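Q: For reference, the file work_23.txt (compact mmCIF, C-alpha atoms) is included below:
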# COMPACT_ATOMS: atom_id res chain seq x y z
CA MET A 1003 -172.11 -20.98 71.80
CA ALA A 1004 -169.41 -20.38 69.22
CA MET A 1005 -166.66 -22.98 68.99
CA ARG A 1006 -163.43 -21.81 70.54
CA PRO A 1007 -160.57 -21.42 68.08
CA PHE A 1008 -158.46 -24.16 69.61
CA ALA A 1009 -161.27 -26.71 70.10
CA LEU A 1010 -161.26 -29.29 67.32
CA SER A 1011 -164.27 -29.52 65.05
CA ALA A 1012 -165.36 -32.95 63.81
CA LEU A 1013 -163.73 -32.20 60.45
CA ALA A 1014 -160.46 -31.08 62.02
CA LEU A 1015 -160.42 -34.06 64.35
CA ALA A 1016 -160.92 -36.43 61.44
CA ALA A 1017 -158.03 -34.78 59.62
CA LEU A 1018 -155.76 -35.13 62.62
CA VAL A 1019 -156.52 -38.66 63.77
CA GLY A 1020 -157.87 -40.31 60.63
CA CYS A 1021 -155.16 -39.69 58.10
CA GLY A 1022 -153.38 -42.95 58.83
CA VAL A 1023 -149.95 -41.33 59.14
CA PRO A 1024 -147.86 -42.40 62.15
CA PRO A 1025 -147.41 -39.51 64.60
CA PRO A 1026 -144.02 -37.81 64.59
CA PRO A 1027 -141.86 -37.75 67.73
CA VAL A 1028 -143.06 -34.86 69.84
CA THR A 1029 -141.27 -33.06 72.64
CA VAL A 1030 -142.15 -30.44 75.18
CA ALA A 1031 -139.13 -28.20 75.62
CA GLU A 1032 -138.92 -26.24 78.82
CA ALA A 1033 -136.62 -25.01 81.54
CA PRO A 1034 -135.84 -26.96 83.67
CA PRO A 1035 -135.03 -29.92 81.36
CA ALA A 1036 -137.17 -30.85 78.38
CA LYS A 1037 -139.78 -33.58 78.69
CA THR A 1038 -141.14 -35.92 76.07
CA ALA A 1039 -144.83 -36.50 75.56
CA LYS A 1040 -147.05 -38.38 73.15
CA PRO A 1041 -149.25 -36.33 70.84
CA THR A 1042 -153.02 -36.77 70.96
CA GLY A 1043 -153.40 -36.28 67.22
CA GLU A 1044 -151.47 -36.68 64.01
CA PRO A 1045 -149.93 -34.21 61.59
CA VAL A 1046 -152.10 -32.49 59.04
CA THR A 1047 -151.02 -33.18 55.47
CA PRO A 1048 -150.89 -29.91 53.51
CA PRO A 1049 -153.10 -29.69 50.44
CA LYS A 1050 -151.54 -28.93 47.08
CA GLN A 1051 -151.19 -25.20 46.67
CA THR A 1052 -152.37 -23.32 43.61
CA PRO A 1053 -149.49 -21.12 42.43
CA ASP A 1054 -150.14 -17.39 42.50
CA ALA A 1055 -147.82 -15.55 40.16
CA THR A 1056 -148.59 -12.20 41.80
CA LYS A 1057 -146.99 -13.25 45.07
CA PRO A 1058 -143.29 -13.71 45.85
CA GLY A 1059 -143.40 -17.46 45.24
CA ASP A 1060 -145.04 -19.31 42.38
CA GLY A 1061 -144.19 -22.84 43.48
CA LYS A 1062 -142.15 -23.49 40.33
CA VAL A 1063 -138.66 -22.52 41.35
CA THR A 1064 -135.65 -24.66 42.14
CA PRO A 1065 -134.18 -24.07 45.60
CA PRO A 1066 -130.59 -22.84 45.55
CA PRO A 1067 -127.72 -24.92 46.87
CA VAL A 1068 -127.06 -24.26 50.54
CA ALA A 1069 -123.53 -23.03 49.88
CA GLU A 1070 -124.47 -20.68 47.03
CA ASP A 1071 -123.04 -17.19 47.43
CA PRO A 1072 -125.78 -14.53 46.96
CA ALA A 1073 -123.28 -11.90 45.84
CA LYS A 1074 -122.04 -14.10 43.00
CA GLN A 1075 -125.60 -14.38 41.77
CA GLY A 1076 -126.03 -10.62 41.70
CA LEU A 1077 -128.21 -10.42 44.80
CA LYS A 1078 -127.58 -7.46 47.07
CA PHE A 1079 -129.15 -6.79 50.45
CA THR A 1080 -129.03 -4.23 53.23
CA ASP A 1081 -130.04 -4.89 56.82
CA THR A 1082 -131.98 -1.93 58.23
CA LYS A 1083 -132.55 -3.75 61.51
CA VAL A 1084 -130.72 -6.79 62.83
CA GLY A 1085 -132.92 -9.26 64.70
CA THR A 1086 -132.09 -11.57 67.59
CA GLY A 1087 -131.79 -15.30 68.15
CA ASP A 1088 -130.92 -18.00 65.64
CA ALA A 1089 -130.32 -17.14 62.00
CA ALA A 1090 -132.65 -18.46 59.31
CA ALA A 1091 -131.18 -21.47 57.51
CA PRO A 1092 -132.28 -24.06 54.93
CA GLY A 1093 -135.10 -26.20 56.30
CA ASP A 1094 -136.42 -23.45 58.58
CA THR A 1095 -139.89 -21.97 58.13
CA CYS A 1096 -139.90 -18.17 58.02
CA TYR A 1097 -142.81 -15.85 58.73
CA VAL A 1098 -142.46 -12.49 57.00
CA LEU A 1099 -144.17 -9.25 56.09
CA TYR A 1100 -143.05 -7.74 52.79
CA THR A 1101 -143.40 -5.03 50.18
CA GLY A 1102 -142.37 -5.75 46.61
CA LYS A 1103 -141.45 -2.97 44.18
CA LEU A 1104 -140.12 -2.56 40.69
CA THR A 1105 -137.00 -0.45 40.27
CA ASN A 1106 -139.18 2.52 39.24
CA GLY A 1107 -140.85 2.42 42.66
CA THR A 1108 -144.12 0.77 41.58
CA VAL A 1109 -145.44 -1.51 44.34
CA PHE A 1110 -146.68 -4.73 42.74
CA ASP A 1111 -147.48 -6.64 45.93
CA ALA A 1112 -147.33 -6.25 49.70
CA SER A 1113 -148.55 -7.82 52.92
CA SER A 1114 -150.77 -4.77 53.34
CA LYS A 1115 -152.74 -5.99 50.31
CA HIS A 1116 -153.39 -9.26 52.14
CA GLU A 1117 -154.69 -7.97 55.50
CA ASN A 1118 -151.09 -7.85 56.77
CA LYS A 1119 -151.14 -11.59 57.28
CA PRO A 1120 -147.60 -12.99 57.52
CA LEU A 1121 -146.42 -15.09 54.61
CA SER A 1122 -144.73 -18.34 55.61
CA PHE A 1123 -142.35 -20.48 53.57
CA ALA A 1124 -139.67 -23.08 54.17
CA ILE A 1125 -136.19 -22.20 53.00
CA GLY A 1126 -135.03 -24.71 50.43
CA ALA A 1127 -138.49 -26.03 49.57
CA GLY A 1128 -138.87 -24.09 46.35
CA GLN A 1129 -141.93 -22.19 47.60
CA VAL A 1130 -140.60 -18.71 46.76
CA ILE A 1131 -138.37 -17.14 44.13
CA ARG A 1132 -134.66 -17.85 44.39
CA GLY A 1133 -133.92 -14.27 45.42
CA TRP A 1134 -135.95 -14.86 48.56
CA GLU A 1135 -134.40 -18.28 49.18
CA LEU A 1136 -130.97 -16.69 49.16
CA GLY A 1137 -131.83 -13.31 50.63
CA VAL A 1138 -133.67 -14.35 53.78
CA GLN A 1139 -130.99 -16.81 54.87
CA GLY A 1140 -129.01 -15.36 57.77
CA MET A 1141 -131.79 -13.06 58.96
CA LYS A 1142 -132.92 -13.27 62.59
CA ALA A 1143 -136.37 -12.84 64.09
CA GLY A 1144 -137.28 -9.17 64.34
CA GLY A 1145 -134.89 -8.21 61.58
CA LYS A 1146 -135.62 -6.06 58.54
CA ARG A 1147 -133.79 -6.36 55.24
CA THR A 1148 -134.03 -4.82 51.77
CA LEU A 1149 -133.33 -7.25 48.93
CA ASN A 1150 -132.24 -6.09 45.48
CA ILE A 1151 -133.02 -9.10 43.33
CA PRO A 1152 -131.84 -9.42 39.73
CA ALA A 1153 -134.37 -10.74 37.22
CA LYS A 1154 -132.68 -14.12 36.94
CA LEU A 1155 -133.41 -14.73 40.65
CA GLY A 1156 -136.96 -13.46 40.30
CA TYR A 1157 -139.38 -14.09 37.44
CA ALA A 1158 -136.74 -13.86 34.68
CA GLU A 1159 -137.89 -13.49 31.08
CA LYS A 1160 -141.46 -14.63 31.83
CA GLY A 1161 -142.37 -11.88 34.29
CA SER A 1162 -145.55 -12.32 36.30
CA GLY A 1163 -148.98 -11.39 35.01
CA ASP A 1164 -149.62 -7.72 34.38
CA THR A 1165 -147.68 -6.58 37.42
CA ILE A 1166 -144.10 -7.71 36.82
CA PRO A 1167 -142.74 -7.19 33.27
CA PRO A 1168 -140.29 -9.69 31.77
CA ASN A 1169 -136.66 -9.34 32.87
CA SER A 1170 -137.55 -7.10 35.83
CA ASP A 1171 -135.19 -6.53 38.70
CA LEU A 1172 -137.11 -6.48 41.98
CA ILE A 1173 -136.80 -4.74 45.34
CA PHE A 1174 -138.29 -6.30 48.45
CA ASP A 1175 -138.49 -4.88 51.95
CA ILE A 1176 -138.68 -7.89 54.26
CA GLU A 1177 -139.54 -8.02 57.97
CA LEU A 1178 -138.86 -11.41 59.53
CA LEU A 1179 -141.40 -11.88 62.32
CA ALA A 1180 -140.48 -15.40 63.42
CA ILE A 1181 -138.46 -18.48 62.52
CA LEU A 1182 -139.59 -22.03 63.13
CA LYS A 1183 -136.37 -24.04 63.16
CA ALA A 1184 -136.45 -27.31 61.28
CA ASP A 1185 -135.87 -29.33 64.46
CA GLN A 1186 -138.72 -27.58 66.31
CA ALA A 1187 -141.58 -28.61 64.03
CA ASN A 1188 -142.85 -31.16 66.58
CA THR A 1189 -141.84 -29.36 69.77
CA VAL A 1190 -143.99 -27.37 72.17
CA SER A 1191 -141.84 -24.75 73.88
CA ARG A 1192 -143.03 -24.20 77.44
CA THR A 1193 -141.81 -21.56 79.90
CA VAL A 1194 -143.01 -21.46 83.50
CA ILE A 1195 -144.10 -17.98 84.58
CA THR A 1196 -145.56 -18.90 87.98
CA PRO A 1197 -144.88 -22.31 89.60
CA GLY A 1198 -147.79 -24.40 90.84
CA THR A 1199 -148.26 -26.89 93.65
CA GLY A 1200 -149.46 -30.46 94.03
CA ARG A 1201 -149.25 -33.31 91.54
CA PRO A 1202 -148.72 -32.80 87.81
CA ALA A 1203 -151.71 -33.07 85.48
CA LYS A 1204 -151.77 -36.26 83.42
CA ALA A 1205 -153.81 -37.90 80.67
CA GLY A 1206 -157.33 -38.64 81.85
CA ASP A 1207 -157.46 -35.70 84.26
CA VAL A 1208 -160.26 -33.18 83.96
CA VAL A 1209 -158.58 -29.77 84.01
CA ASN A 1210 -159.89 -26.24 84.36
CA ILE A 1211 -157.72 -23.56 82.77
CA THR A 1212 -157.69 -19.91 81.82
CA TYR A 1213 -155.83 -18.82 78.72
CA LYS A 1214 -154.99 -16.17 76.15
CA GLY A 1215 -153.95 -17.04 72.61
CA THR A 1216 -152.01 -14.73 70.30
CA LEU A 1217 -150.45 -14.95 66.85
CA ILE A 1218 -146.81 -14.10 66.14
CA ASP A 1219 -147.73 -10.49 65.33
CA GLY A 1220 -149.37 -10.11 68.76
CA THR A 1221 -152.97 -10.37 67.53
CA GLU A 1222 -155.17 -11.97 70.20
CA PHE A 1223 -157.40 -14.60 68.57
CA ASP A 1224 -159.06 -16.01 71.68
CA SER A 1225 -159.03 -15.89 75.47
CA THR A 1226 -161.01 -16.88 78.52
CA GLN A 1227 -162.19 -13.29 78.79
CA LYS A 1228 -163.55 -13.38 75.24
CA GLN A 1229 -165.50 -16.50 76.20
CA GLY A 1230 -167.18 -14.91 79.22
CA GLY A 1231 -164.43 -15.32 81.80
CA LYS A 1232 -165.34 -18.86 82.86
CA PRO A 1233 -162.44 -21.36 82.93
CA LEU A 1234 -162.32 -23.88 80.11
CA GLN A 1235 -162.82 -27.49 81.24
CA PHE A 1236 -161.73 -30.55 79.28
CA THR A 1237 -160.14 -33.97 79.75
CA LEU A 1238 -156.46 -34.32 78.92
CA GLY A 1239 -155.55 -36.90 76.30
CA LYS A 1240 -159.03 -37.22 74.79
CA ASN A 1241 -158.51 -35.24 71.58
CA MET A 1242 -160.75 -32.47 72.87
CA VAL A 1243 -158.20 -29.75 71.98
CA ILE A 1244 -155.35 -29.40 69.52
CA PRO A 1245 -152.41 -31.73 70.25
CA GLY A 1246 -150.03 -28.92 71.23
CA PHE A 1247 -152.49 -27.57 73.78
CA ASP A 1248 -152.86 -31.00 75.37
CA LEU A 1249 -149.07 -31.37 75.48
CA ALA A 1250 -148.52 -27.94 77.00
CA ILE A 1251 -150.87 -28.57 79.91
CA THR A 1252 -149.74 -32.13 80.65
CA GLY A 1253 -147.34 -31.88 83.59
CA MET A 1254 -148.65 -28.56 84.88
CA LYS A 1255 -149.60 -28.20 88.54
CA LYS A 1256 -152.50 -26.38 90.17
CA GLY A 1257 -151.93 -22.61 90.12
CA GLU A 1258 -149.12 -22.87 87.57
CA LYS A 1259 -148.94 -20.30 84.77
CA ILE A 1260 -146.95 -20.96 81.61
CA LYS A 1261 -146.17 -19.49 78.24
CA ALA A 1262 -146.45 -22.09 75.48
CA VAL A 1263 -145.39 -21.78 71.84
CA ILE A 1264 -147.17 -24.31 69.62
CA PRO A 1265 -145.90 -24.99 66.08
CA PRO A 1266 -148.40 -25.41 63.21
CA GLN A 1267 -148.06 -29.18 63.05
CA LEU A 1268 -149.34 -29.42 66.62
CA GLY A 1269 -151.94 -26.71 66.07
CA TYR A 1270 -154.07 -26.36 62.94
CA GLY A 1271 -151.42 -27.20 60.38
CA TYR A 1272 -152.34 -25.99 56.92
CA MET A 1273 -155.97 -25.30 57.82
CA GLU A 1274 -157.24 -21.77 58.30
CA LYS A 1275 -159.35 -21.58 61.46
CA GLY A 1276 -161.36 -18.40 61.89
CA ALA A 1277 -158.95 -15.64 62.86
CA ILE A 1278 -156.01 -18.08 62.73
CA PRO A 1279 -154.25 -18.14 59.33
CA ALA A 1280 -153.00 -21.41 57.89
CA ASN A 1281 -149.58 -22.59 59.08
CA SER A 1282 -149.67 -20.37 62.18
CA ILE A 1283 -147.43 -20.52 65.23
CA LEU A 1284 -149.68 -20.13 68.28
CA ASN A 1285 -148.61 -18.42 71.50
CA PHE A 1286 -150.57 -19.15 74.66
CA GLU A 1287 -150.49 -17.96 78.26
CA ILE A 1288 -152.16 -20.68 80.29
CA THR A 1289 -153.02 -20.95 83.99
CA LEU A 1290 -154.10 -24.30 85.46
CA VAL A 1291 -156.89 -23.36 87.87
CA SER A 1292 -157.65 -26.87 89.10
CA ILE A 1293 -157.37 -30.59 88.37
CA GLY A 1294 -160.57 -32.63 88.68
Using structure tokens, write down the structure from this file.

A:
Amino acid sequence: MAMRPFALSALALAALVGCGVPPPPVTVAEAPPAKTAKPTGEPVTPPKQTPDATKPGDGKVTPPPVAEDPAKQGLKFTDTKVGTGDAAAPGDTCYVLYTGKLTNGTVFDASSKHENKPLSFAIGAGQVIRGWELGVQGMKAGGKRTLNIPAKLGYAEKGSGDTIPPNSDLIFDIELLAILKADQANTVSRTVITPGTGRPAKAGDVVNITYKGTLIDGTEFDSTQKQGGKPLQFTLGKNMVIPGFDLAITGMKKGEKIKAVIPPQLGYGYMEKGAIPANSILNFEITLVSIG
């Protein structure tokens, strides 16, 4: 039987619980009031990334000051669609689709060239060119923006490989799929769809659940139906699933159905897991069939 995407392999488990790093404070945010829970694993430490000069970020830029005015730096942008929710700000992790063009219309890179997998980066971490650092700030999830980036905020006099000549102004069409706010990195967001009955599930309980997992672009990566329709059984608090999944189910009652949003640090972190890209936010619909 194939391993389910959210079940930890021995390697993944070792990475989560054997890294010797104290676990961060973890919360389960929900309505009614948020609850606090202890994680069953520890954060995954990201490996060093190899810069790729053909992509928007090359890992060698200096993040702009928070108060820097994009217009004064020559950056221009146009919102073709305004998103909803909180605006992207320094410290937040953004998940975007993009198309990059030269001013003559030549496309030098795009998400479509990378299986349409969202690119993620933290604003202010120096992971992307300065034009992106400045230009994505203020966008909201679901928004679309065109950035006109002067060379000095892009690859300047060096250019990038054979695709971006020196001193090239750049045009990027950006779609912001999701924002992970800086203060939500260790929080599982949980929304009750259907209330349950009886006592809440707790660590040590054997639970039977049905589920469906999707990525931020709506792609379904796993579900009970894909695994034959039989409920998944495991023991809470025994490191048998990713920490965020354990946290989401703790406190549920029999018959309860929830929507849970699990950040990367409580999922697979910087590891790619089958159909799940590295640094992915995971969305789950979970029903607690029974306890014990």

Q: Counting all atoms listed in the file, figure out which residue out of A:Asp1164, A:Glu1177, A:Asp1185, A:Glu1287 gets nearest to Ser1225 in chain A.

A: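 Result for the nearest residue to Ser1225 in chain A: A:Glu1287.
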
Q: Distance table requested - range 1183-1204 of chain A against range 1118-1129 of chain A, cut-off 12 Å, all atoms listed in the file: one row per qualifying residue with the closest atom pair and its distance in Å to one decimal, ordered by chain and rising residue number, as a Markdown table.

A:
| residue | atom | partner | partner_atom | distance |
| --- | --- | --- | --- | --- |
| A:Lys1183 | CA | A:Ala1124 | CA | 9.6 |
| A:Ala1184 | CA | A:Ala1124 | CA | 8.9 |
| A:Ala1187 | CA | A:Ala1124 | CA | 11.5 |

Q: Go ahead and save the picked residues with C-alpha atoms, as a PDB file, keeping the file's coordinate frame.

A:
ATOM      1  CA  LYS A1183    -136.370 -24.040  63.160  1.00  0.00           C
ATOM      2  CA  ALA A1184    -136.450 -27.310  61.280  1.00  0.00           C
ATOM      3  CA  ALA A1187    -141.580 -28.610  64.030  1.00  0.00           C
TER       4      ALA A1187
END

Q: Looking at A:Leu1179, A:Met1242, A:Leu1284, A:Val1109, which one is nearest to Asp1219 in chain A, with distances taken over only C-alpha atoms?

A: A:Leu1179

Q: Please, what distance in Å, to one decimal, runs between CA of Tyr1157 in chain A and CA of His1116 in chain A?

A: 20.9 Å

Q: Considering all atoms listed in the file, can you say which of A:Leu1234, A:Ala1250, A:Ala1280, A:Leu1104 comes closest to Thr1189 in chain A?

A: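 The answer is A:Ala1250, which sits nearest to Thr1189 in chain A.
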
Q: When you count only C-alpha atoms, which of these residues is closest to Val1084 in chain A: A:Lys1160, A:Lys1142, A:Lys1103, A:Lys1275?

A: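 That would be A:Lys1142, the residue with the smallest distance to Val1084 in chain A.
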
Q: Can you build me a table of range 1185-1216 of chain A residues sitting at most 10 Å from range 1243-1248 of chain A, with the closest atom pair per residue and its distance in Å to one decimal, using all atoms listed in the file, sorted by chain and residue number, as a Markdown table?

A:
| residue | atom | partner | partner_atom | distance |
| --- | --- | --- | --- | --- |
| A:Asn1188 | CA | A:Gly1246 | CA | 8.8 |
| A:Thr1189 | CA | A:Gly1246 | CA | 8.3 |
| A:Val1190 | CA | A:Gly1246 | CA | 6.3 |
| A:Ser1191 | CA | A:Gly1246 | CA | 9.6 |
| A:Lys1204 | CA | A:Asp1248 | CA | 9.7 |
| A:Ala1205 | CA | A:Asp1248 | CA | 8.8 |

Q: Would you mind putting N, CA and C atoms back on range 1159-1172 of chain A and writing the result as a PDB file, in the coordinates of the input?

A:
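File written: part.pdb
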ATOM      1  N   GLU A1159    -137.331 -14.014  32.333  1.00  0.00           N
ATOM      2  CA  GLU A1159    -137.890 -13.490  31.080  1.00  0.00           C
ATOM      3  C   GLU A1159    -139.409 -13.648  30.992  1.00  0.00           C
ATOM      4  N   LYS A1160    -140.010 -14.420  31.880  1.00  0.00           N
ATOM      5  CA  LYS A1160    -141.460 -14.630  31.830  1.00  0.00           C
ATOM      6  C   LYS A1160    -142.234 -13.507  32.523  1.00  0.00           C
ATOM      7  N   GLY A1161    -141.632 -12.869  33.517  1.00  0.00           N
ATOM      8  CA  GLY A1161    -142.370 -11.880  34.290  1.00  0.00           C
ATOM      9  C   GLY A1161    -143.475 -12.554  35.075  1.00  0.00           C
ATOM     10  N   SER A1162    -144.443 -11.766  35.526  1.00  0.00           N
ATOM     11  CA  SER A1162    -145.550 -12.320  36.300  1.00  0.00           C
ATOM     12  C   SER A1162    -146.808 -11.493  36.055  1.00  0.00           C
ATOM     13  N   GLY A1163    -147.712 -12.052  35.275  1.00  0.00           N
ATOM     14  CA  GLY A1163    -148.980 -11.390  35.010  1.00  0.00           C
ATOM     15  C   GLY A1163    -148.799 -10.002  34.414  1.00  0.00           C
ATOM     16  N   ASP A1164    -149.681  -9.097  34.845  1.00  0.00           N
ATOM     17  CA  ASP A1164    -149.620  -7.720  34.380  1.00  0.00           C
ATOM     18  C   ASP A1164    -148.830  -6.816  35.311  1.00  0.00           C
ATOM     19  N   THR A1165    -148.310  -7.409  36.402  1.00  0.00           N
ATOM     20  CA  THR A1165    -147.680  -6.580  37.420  1.00  0.00           C
ATOM     21  C   THR A1165    -146.165  -6.540  37.348  1.00  0.00           C
ATOM     22  N   ILE A1166    -145.554  -7.641  36.891  1.00  0.00           N
ATOM     23  CA  ILE A1166    -144.100  -7.710  36.820  1.00  0.00           C
ATOM     24  C   ILE A1166    -143.689  -7.980  35.374  1.00  0.00           C
ATOM     25  N   PRO A1167    -143.153  -6.990  34.668  1.00  0.00           N
ATOM     26  CA  PRO A1167    -142.740  -7.190  33.270  1.00  0.00           C
ATOM     27  C   PRO A1167    -141.603  -8.196  33.158  1.00  0.00           C
ATOM     28  N   PRO A1168    -141.417  -8.769  31.983  1.00  0.00           N
ATOM     29  CA  PRO A1168    -140.290  -9.690  31.770  1.00  0.00           C
ATOM     30  C   PRO A1168    -138.961  -9.002  32.084  1.00  0.00           C
ATOM     31  N   ASN A1169    -138.025  -9.790  32.584  1.00  0.00           N
ATOM     32  CA  ASN A1169    -136.660  -9.340  32.870  1.00  0.00           C
ATOM     33  C   ASN A1169    -136.615  -8.168  33.856  1.00  0.00           C
ATOM     34  N   SER A1170    -137.502  -8.185  34.834  1.00  0.00           N
ATOM     35  CA  SER A1170    -137.550  -7.100  35.830  1.00  0.00           C
ATOM     36  C   SER A1170    -136.685  -7.420  37.051  1.00  0.00           C
ATOM     37  N   ASP A1171    -135.847  -6.476  37.405  1.00  0.00           N
ATOM     38  CA  ASP A1171    -135.190  -6.530  38.700  1.00  0.00           C
ATOM     39  C   ASP A1171    -136.223  -6.121  39.754  1.00  0.00           C
ATOM     40  N   LEU A1172    -136.099  -6.698  40.942  1.00  0.00           N
ATOM     41  CA  LEU A1172    -137.110  -6.480  41.980  1.00  0.00           C
ATOM     42  C   LEU A1172    -136.472  -5.992  43.266  1.00  0.00           C
TER      43      LEU A1172
END
